[in-house]
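For reference, the structure discussed in these notes is given below.
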Amino acid sequence: MTDNAAPAPQTAKCCKCKKEIGAADEFCRYCAARQRREAGFFFTHAGVWTMFFLLGPLNLWFLWLSPVISRKWKVIDTFITLLLTAAVCYAIYAIIMRIAKLYSTYLNMSF
Ligand SMILES: [Zn+2]
């Protein structure tokens with residue numbers, strides 16, 4: 001009954017071979033790969049999308065350098081990023097055209 005209550009040791013999966021290793025281990029004990037867990041928030045999905053809202057499509061730089069995001073997700077995220085970038089560019093273009101139109105109407109009225 002108390003078996004399940006024992007605290008589980010802090011473990012993590014190796015970023016290369018996916019075997020279970022200690023959460024604090026800097027190197028994998030099986031394949032010796034360096035663990036880059038704290039290599040960054042910016043290389044996670046959340047980080048990449050935060051970068052998108054800050055820097056726009058420059059987030060692709062972080063996305064494709066990321067050691068933790070799979071290739072499939074890199075392709076999907078790249079596609080979504082380009083789509084959103086196109087949408088934002090179009091929205092800005094539409095707003096500018098609208099302002100220009102309003103402004104020219106205003107100019108025509110005042111002269
Ligand atoms: Zn490993």
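By order in the structure tokens, chains are A, B, ...; within a chain, residues start at 1; ligands start at 1, following the order shown.
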Please identify all protein, DNA and RNA residues within 6 Å of ligand 1, counting only C-alpha atoms and all ligand atoms, and report them as a list in words.
Cys14, Lys16, Cys17, Lys18, Lys19, Cys28, Tyr30, Cys31, Ala32 and Ala33 of chain A
Write a file of the just-selected residues containing N, CA and C atoms, as a PDB file, in the first residue's frame.
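Result written to selection.pdb:
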ATOM      1  N   CYS A  14      17.585  10.676 -22.120  1.00  0.00           N
ATOM      2  CA  CYS A  14      18.717  11.176 -22.891  1.00  0.00           C
ATOM      3  C   CYS A  14      18.199  11.796 -24.190  1.00  0.00           C
ATOM      4  N   LYS A  16      19.629  11.923 -26.912  1.00  0.00           N
ATOM      5  CA  LYS A  16      20.086  11.207 -28.097  1.00  0.00           C
ATOM      6  C   LYS A  16      19.560   9.778 -28.160  1.00  0.00           C
ATOM      7  N   CYS A  17      19.824   8.990 -27.096  1.00  0.00           N
ATOM      8  CA  CYS A  17      19.439   7.578 -27.136  1.00  0.00           C
ATOM      9  C   CYS A  17      18.119   7.298 -26.423  1.00  0.00           C
ATOM     10  N   LYS A  18      17.561   8.330 -25.741  1.00  0.00           N
ATOM     11  CA  LYS A  18      16.244   8.242 -25.080  1.00  0.00           C
ATOM     12  C   LYS A  18      16.211   7.292 -23.890  1.00  0.00           C
ATOM     13  N   LYS A  19      17.371   6.843 -23.423  1.00  0.00           N
ATOM     14  CA  LYS A  19      17.389   5.991 -22.240  1.00  0.00           C
ATOM     15  C   LYS A  19      17.239   6.860 -21.004  1.00  0.00           C
ATOM     16  N   CYS A  28      25.064  11.652 -20.813  1.00  0.00           N
ATOM     17  CA  CYS A  28      24.336  10.394 -20.758  1.00  0.00           C
ATOM     18  C   CYS A  28      25.283   9.286 -20.299  1.00  0.00           C
ATOM     19  N   TYR A  30      24.870   6.188 -20.845  1.00  0.00           N
ATOM     20  CA  TYR A  30      24.856   5.088 -21.830  1.00  0.00           C
ATOM     21  C   TYR A  30      25.611   5.453 -23.107  1.00  0.00           C
ATOM     22  N   CYS A  31      25.290   6.630 -23.675  1.00  0.00           N
ATOM     23  CA  CYS A  31      25.905   6.964 -24.962  1.00  0.00           C
ATOM     24  C   CYS A  31      26.826   8.176 -24.856  1.00  0.00           C
ATOM     25  N   ALA A  32      26.947   8.748 -23.646  1.00  0.00           N
ATOM     26  CA  ALA A  32      27.857   9.872 -23.372  1.00  0.00           C
ATOM     27  C   ALA A  32      27.481  11.172 -24.091  1.00  0.00           C
ATOM     28  N   ALA A  33      26.272  11.233 -24.621  1.00  0.00           N
ATOM     29  CA  ALA A  33      25.851  12.471 -25.281  1.00  0.00           C
ATOM     30  C   ALA A  33      25.664  13.577 -24.244  1.00  0.00           C
TER      31      ALA A  33
END
Could you give me, as an MDAnalysis selection string, each residue of chain A that DSSP assigns to alpha helix (DSSP H) when run on this structure's backbone?
chainID A and resid 45:55 59:65 71:110
If I take CA of Ala87 in chain A and CA of Leu55 in chain A, how far is one from the other in Å, to one decimal?
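Between these atoms lies a distance of 15.3 Å.
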Which residues are close to Cys89 in chain A, i.e. within 12 Å by only C-alpha atoms, leaving aside same-chain residues fewer than 6 positions away? Reply as a ChimeraX atom specification.
/A:56-57,82-83,95-96
Residues from the last selection, N, CA and C atoms, saved as a PDB file, in the first residue's frame:
ATOM      1  N   GLY A  56       9.316  37.650 -35.234  1.00  0.00           N
ATOM      2  CA  GLY A  56       8.721  37.201 -36.486  1.00  0.00           C
ATOM      3  C   GLY A  56       9.435  35.983 -37.031  1.00  0.00           C
ATOM      4  N   PRO A  57       9.558  35.882 -38.341  1.00  0.00           N
ATOM      5  CA  PRO A  57      10.115  34.671 -38.957  1.00  0.00           C
ATOM      6  C   PRO A  57      11.576  34.386 -38.603  1.00  0.00           C
ATOM      7  N   LEU A  82       5.558  30.629 -41.745  1.00  0.00           N
ATOM      8  CA  LEU A  82       5.485  31.331 -43.028  1.00  0.00           C
ATOM      9  C   LEU A  82       4.057  31.788 -43.317  1.00  0.00           C
ATOM     10  N   LEU A  83       3.103  30.931 -42.945  1.00  0.00           N
ATOM     11  CA  LEU A  83       1.694  31.265 -43.165  1.00  0.00           C
ATOM     12  C   LEU A  83       1.304  32.487 -42.321  1.00  0.00           C
ATOM     13  N   ILE A  95      -4.013  47.556 -43.807  1.00  0.00           N
ATOM     14  CA  ILE A  95      -4.179  48.711 -42.909  1.00  0.00           C
ATOM     15  C   ILE A  95      -3.558  49.959 -43.535  1.00  0.00           C
ATOM     16  N   ILE A  96      -2.358  49.805 -44.098  1.00  0.00           N
ATOM     17  CA  ILE A  96      -1.682  50.951 -44.724  1.00  0.00           C
ATOM     18  C   ILE A  96      -2.511  51.481 -45.890  1.00  0.00           C
TER      19      ILE A  96
END
A:Gly40, A:Glu20, A:Val88, A:Asn108 ranked by distance to Pro67 in chain A, top pick (using only C-alpha atoms)
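The answer is A:Gly40, which sits nearest to Pro67 in chain A.
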Which residue gives the smallest distance to Cys15 in chain A among A:Ile69, A:Ala86, A:Ile80, A:Leu54, with only C-alpha atoms counted?
A:Ile69
Report, in Å to a single decimal, how far apart CA of Tyr90 in chain A and CA of Trp61 in chain A are.
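That distance, rounded to one decimal, is 22.8 Å.
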For each of A:Ala23, A:Ile99, A:Val75, A:Leu60, take the minimum atom-to-atom distance to Gln10 in chain A, counting only C-alpha atoms, then give the residue where this is smallest.
A:Ala23
Do you know which residues are at most 10 Å from Trp73 in chain A counting only C-alpha atoms, after dropping those on the same chain fewer than 3 positions away, and could you put them as a PyMOL selection string?
chain A and resi 45+63-64+69-70+76-79
Would you write out those residues with N, CA and C atoms, as a compact mmCIF listing (two decimals), in the first residue's frame?
# COMPACT_ATOMS: atom_id res chain seq x y z
N HIS A 45 9.48 24.27 -28.13
CA HIS A 45 8.33 24.75 -28.90
C HIS A 45 7.85 26.09 -28.38
N LEU A 63 14.43 27.52 -34.44
CA LEU A 63 13.69 26.28 -34.70
C LEU A 63 14.60 25.22 -35.32
N TRP A 64 15.34 25.62 -36.38
CA TRP A 64 16.13 24.62 -37.10
C TRP A 64 17.42 24.26 -36.39
N ILE A 69 13.54 19.61 -30.88
CA ILE A 69 12.33 19.53 -31.71
C ILE A 69 12.60 18.59 -32.88
N SER A 70 11.66 17.68 -33.12
CA SER A 70 11.87 16.71 -34.19
C SER A 70 11.73 17.36 -35.56
N ILE A 76 6.54 21.40 -39.82
CA ILE A 76 5.19 21.92 -39.52
C ILE A 76 5.28 23.36 -39.00
N ASP A 77 6.20 23.59 -38.05
CA ASP A 77 6.35 24.93 -37.47
C ASP A 77 6.81 25.94 -38.51
N THR A 78 7.69 25.50 -39.42
CA THR A 78 8.15 26.40 -40.49
C THR A 78 6.97 26.81 -41.36
N PHE A 79 6.14 25.85 -41.70
CA PHE A 79 4.97 26.10 -42.52
C PHE A 79 4.03 27.10 -41.84
In Å to one decimal, how far is CA of Trp49 in chain A from CA of Leu84 in chain A?
11.3 Å
